[in-house]
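Peer 1: Have a look at this one before I ask anything.
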Amino acid sequence: MDTAPILEWLQATPQFHIILISILHVITWAYCLTLKGWVSDDIQGIAAFSDRLINDKKIDSYEIELGGKKLQIKNTAWNKALPFPSNFMRWSRLNWGKSFRSLGKDSKGHTIYGWVQDAKKHHALNIVVQWCNLILGYNILSHFFGPSLAFFSMLLFAVHPCGVQTVGWISGVNYCLSLLGTLLTLNAALYINNVYILFPVIAITSIISCMTLLPGCFNFVILLYLGYHNAAIMAGIVGAYFLYRLGIETVNYRVSAFKEQQMGKSTGLYWRKIIIMVKTFWYYVRLVLFPKRLGLFHTWGYHFDAPIEHIDHEFWAGLVSLVVYWGVAIISPAPVQFGLIWAFIYLLIFSNFITAQQFVSERYVYISIFGICIAVSYYLIAYPIIFSFILGIFIMRIWVHLPTFQNEVRFYESNCFNFPQSEVAMGNLGVSYLNHGMHYKAFDTWHEASRQNSLYDVPWYNLYSICKQNGDLQGAKKFLMMCLNASTIHFPDQWKKEMVELDRLIQINIPIAEFSKRLNHAIKEGNYGSPGTF
């Protein structure tokens, strides 16, 4: 088939390109505006801080303890207890999504109003920011590599399934905002020649990029590669500040939290981390090129155990892929080289040299796939039919996954469908069932999680908790013992204390149970004498 007419048609004006990119973006992500529910971090991070009506009283604040002092925090107020930029991010997101609505009626039938978080507003923010990224990305790429490659690259970036966890998930907005700051920085460097104007503008755009996500601290590398040395100096200064402030804060917090949960090894630095980094790179290569399975929790590497540090076929595959990657980057034309360098720079911080959050996740490659889309589009631009087929497959994958963000039950059910061996997703699904009043489904789900990995302590602890709440102390003890026999015990001291308390309750309960048994037997036999006679 002669594709020349198609290519000629696609080589239209930039305005036409932008219109097509915008239409594809809307078609792909418009479903998000129908999502009214909250999932995972959205609940505790945003939705929980709405006004509530409890016993005829409107609750518009919450209490925290800091340094031994109890502080009352307004739900949508500036939180002085949090450091910058966390307090700004929290304040801005809570005020962005609030809507003044009816909370319900009091006992006298009077309507009470208050601020409630609107999920649609948060989804709209993600969609708008991503659209801005597409336009800014098109502008910078068309300047350096021509409008055709910029057009193809942004079409592919607009529909890559690894973007679902940033565009479709409310809590992923930080990644979108960080890329927005990066692209604003590049466009500012492109158009502003006066250094006295350039420096403050670059400082502002770099702050946007860095304060929302740490990869933004490495924008200076891309600026140096493109030859914008003055802009690189200012971006480097801002990046160094935020990398020190947020990086140290994040690592210290995670080291402390992981150490408390007996997971401190993943945050340490030692020579075998090189093996882990190479294997992590291979995992992301597969994820970006074949985004078949999507979910918040991936099974690979989630539990930091010995095999992840060993040299095996995954290590050799990762090593070969690294050699090929940089070999292609060295010998390829400028657009491919730029895209591959971009992808590597922004992925490096998520390579698990220090595991500060999850081990692997789709959202971690969001900024990197911007560069990968440039490199891939360069080779597919001559094959529009193949390119269109890939676009269609990616759009269908996104459409299948977006409805799972409707609520936390569907969210974790999808995670379990995509990663059926993930006992972590199964455990969270059980909690979601419990939150929605499906106690028996929660119990069965935690049992299934314990069958998938009998040495994972969280499902056992959940089973212990629900048995204890239902008064089944013997069952609770059995599950707590299984929890304490796990390979990694997240909170051993606390849970051992709970075992001691549980044993005490069981000892108290035994005489009561024996008394009830004898009383029931006496009633059955018709022996109504004094309690001492039965």
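Going by the structure tokens order, chains are called A, B, ..., each with residues numbered from 1, while ligands are numbered from 1 in the order shown.
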Considering only alpha helix (DSSP H) as DSSP defines it on the backbone, what residues of range 98-345 of chain A qualify? List them as JSON, numbers by chain.
Peer 2: {"A": [119, 120, 121, 122, 123, 124, 125, 126, 127, 128, 129, 130, 131, 132, 133, 134, 135, 136, 137, 138, 139, 140, 141, 142, 143, 144, 145, 147, 148, 149, 150, 151, 152, 153, 154, 155, 156, 157, 158, 164, 165, 166, 167, 173, 174, 175, 176, 177, 178, 179, 180, 181, 182, 183, 184, 185, 186, 187, 188, 189, 190, 191, 195, 196, 197, 198, 199, 200, 201, 202, 203, 204, 205, 206, 207, 208, 209, 210, 211, 212, 219, 220, 221, 222, 223, 224, 225, 226, 229, 230, 231, 232, 233, 234, 235, 236, 237, 238, 239, 240, 241, 242, 248, 249, 250, 251, 252, 253, 254, 255, 256, 257, 258, 259, 260, 273, 274, 275, 276, 277, 278, 279, 280, 281, 282, 283, 284, 285, 286, 287, 288, 289, 313, 314, 315, 316, 317, 318, 319, 320, 321, 322, 323, 324, 325, 326, 327, 328, 329, 330, 331, 334, 335, 336, 337, 338, 339, 340, 341, 342, 343, 344, 345]}
Peer 1: Residues near Tyr364 in chain A, anyone? I mean within 10 Å using only C-alpha atoms, not counting same-chain ones fewer than 3 positions away, as JSON, numbers by chain.
Peer 2: {"A": [162, 163, 165, 166, 175, 215, 284, 346, 347, 348, 349, 350, 351, 358, 359, 360, 361, 367, 368, 369]}
Peer 1: Please list as a ChimeraX atom specification every residue within 10 Å of Ile381 in chain A, counting only C-alpha atoms and excluding residues in the same chain fewer than 3 positions away.
Peer 2: /A:7,148-149,151-153,376-378,384-387
Peer 1: Excluding range 399-402 of chain A and its own-chain neighbours fewer than 2 positions away, which residues fall within 8 Å of it when counting only C-alpha atoms? Please give them as a PyMOL selection string.
Peer 2: chain A and resi 28+31-32+164+168+294+395-397+404-406+414
Peer 1: I need the residue nearest Ala317 in chain A from this list: A:Ala48, A:Leu82, A:Ile237, A:Val285. Use only C-alpha atoms for the distance.
Peer 2: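 Closest to Ala317 in chain A, using only C-alpha atoms: A:Val285.
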Peer 1: Identify, on the basis of only C-alpha atoms, every residue whose closest approach to Val500 in chain A does not exceed 12 Å; exclude the query and any residue fewer than 5 positions from it along the same chain; express the result as a list in words.
Peer 2: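 Using only C-alpha atoms, the neighbours found are Lys477, Leu480, Met481, Asp493, Gln494, Trp495, Leu505, Ile506 and Gln507 of chain A.
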Peer 1: Kindly export the residues of the current selection with C-alpha atoms, as a PDB file, in the first residue's frame.
Peer 2:
ATOM      1  CA  LYS A 477      -4.737 -16.608  68.340  1.00  0.00           C
ATOM      2  CA  LEU A 480      -1.760 -14.124  65.085  1.00  0.00           C
ATOM      3  CA  MET A 481       0.638 -17.047  65.557  1.00  0.00           C
ATOM      4  CA  ASP A 493       7.204  -5.789  69.115  1.00  0.00           C
ATOM      5  CA  GLN A 494       3.677  -4.449  68.828  1.00  0.00           C
ATOM      6  CA  TRP A 495       2.237  -7.758  67.659  1.00  0.00           C
ATOM      7  CA  LEU A 505      -8.273 -12.399  77.344  1.00  0.00           C
ATOM      8  CA  ILE A 506      -8.460 -16.108  76.545  1.00  0.00           C
ATOM      9  CA  GLN A 507      -7.661 -17.024  80.161  1.00  0.00           C
TER      10      GLN A 507
END
Peer 1: Within 9 Å of Leu214 in chain A, counting only C-alpha atoms, which residues qualify if same-chain residues fewer than 5 places away don't, as a list in words?
Peer 2: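 Listed by chain and then number, they are Ser178, Ser209, Gly239, Phe242, Leu243, Leu246, Gly247 and Ile349 of chain A.
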Peer 1: Print the selection's residues with C-alpha atoms to a file, as a compact mmCIF listing (two decimals), in the first residue's frame.
Peer 2:
# COMPACT_ATOMS: atom_id res chain seq x y z
CA SER A 178 6.38 17.69 37.32
CA SER A 209 8.86 20.64 38.37
CA GLY A 239 17.18 21.07 41.50
CA PHE A 242 14.96 20.35 46.25
CA LEU A 243 16.98 17.17 45.83
CA LEU A 246 12.95 16.61 49.62
CA GLY A 247 15.37 13.81 48.81
CA ILE A 349 15.95 7.85 40.36
Peer 1: Based on the backbone DSSP call, show me all residues of range 54-207 of chain A assigned strand (DSSP E or B), as a ChimeraX atom specification.
Peer 2: /A:54,57-59,61-66,69-74,98-105,111-117
Peer 1: With C-alpha atoms retained, write the just-selected residues as a PDB file, in the first residue's frame.
Peer 2:
ATOM      1  CA  ILE A  54     -21.859  13.380  62.839  1.00  0.00           C
ATOM      2  CA  LYS A  57     -22.534  18.395  64.166  1.00  0.00           C
ATOM      3  CA  LYS A  58     -20.595  19.508  61.095  1.00  0.00           C
ATOM      4  CA  ILE A  59     -16.994  18.235  61.274  1.00  0.00           C
ATOM      5  CA  SER A  61     -11.318  19.778  60.957  1.00  0.00           C
ATOM      6  CA  TYR A  62      -9.192  16.988  62.334  1.00  0.00           C
ATOM      7  CA  GLU A  63      -6.689  16.601  65.140  1.00  0.00           C
ATOM      8  CA  ILE A  64      -3.044  15.585  64.868  1.00  0.00           C
ATOM      9  CA  GLU A  65      -0.308  15.173  67.459  1.00  0.00           C
ATOM     10  CA  LEU A  66       3.032  16.830  66.715  1.00  0.00           C
ATOM     11  CA  LYS A  69       1.127  18.748  71.240  1.00  0.00           C
ATOM     12  CA  LYS A  70      -2.340  18.257  69.806  1.00  0.00           C
ATOM     13  CA  LEU A  71      -3.119  20.531  66.874  1.00  0.00           C
ATOM     14  CA  GLN A  72      -6.504  21.227  65.331  1.00  0.00           C
ATOM     15  CA  ILE A  73      -6.219  21.422  61.531  1.00  0.00           C
ATOM     16  CA  LYS A  74      -8.910  22.868  59.285  1.00  0.00           C
ATOM     17  CA  LYS A  98     -13.983  21.317  47.191  1.00  0.00           C
ATOM     18  CA  SER A  99     -17.653  21.934  46.410  1.00  0.00           C
ATOM     19  CA  PHE A 100     -20.241  23.523  48.724  1.00  0.00           C
ATOM     20  CA  ARG A 101     -22.998  20.935  49.080  1.00  0.00           C
ATOM     21  CA  SER A 102     -25.615  19.521  51.398  1.00  0.00           C
ATOM     22  CA  LEU A 103     -24.103  17.203  53.996  1.00  0.00           C
ATOM     23  CA  GLY A 104     -27.476  15.877  55.099  1.00  0.00           C
ATOM     24  CA  LYS A 105     -30.180  16.802  57.589  1.00  0.00           C
ATOM     25  CA  THR A 111     -30.312  20.827  55.923  1.00  0.00           C
ATOM     26  CA  ILE A 112     -26.663  21.270  56.854  1.00  0.00           C
ATOM     27  CA  TYR A 113     -24.181  22.459  54.224  1.00  0.00           C
ATOM     28  CA  GLY A 114     -20.414  22.132  54.022  1.00  0.00           C
ATOM     29  CA  TRP A 115     -17.430  21.563  51.759  1.00  0.00           C
ATOM     30  CA  VAL A 116     -17.199  18.171  50.023  1.00  0.00           C
ATOM     31  CA  GLN A 117     -14.431  16.978  47.721  1.00  0.00           C
TER      32      GLN A 117
END
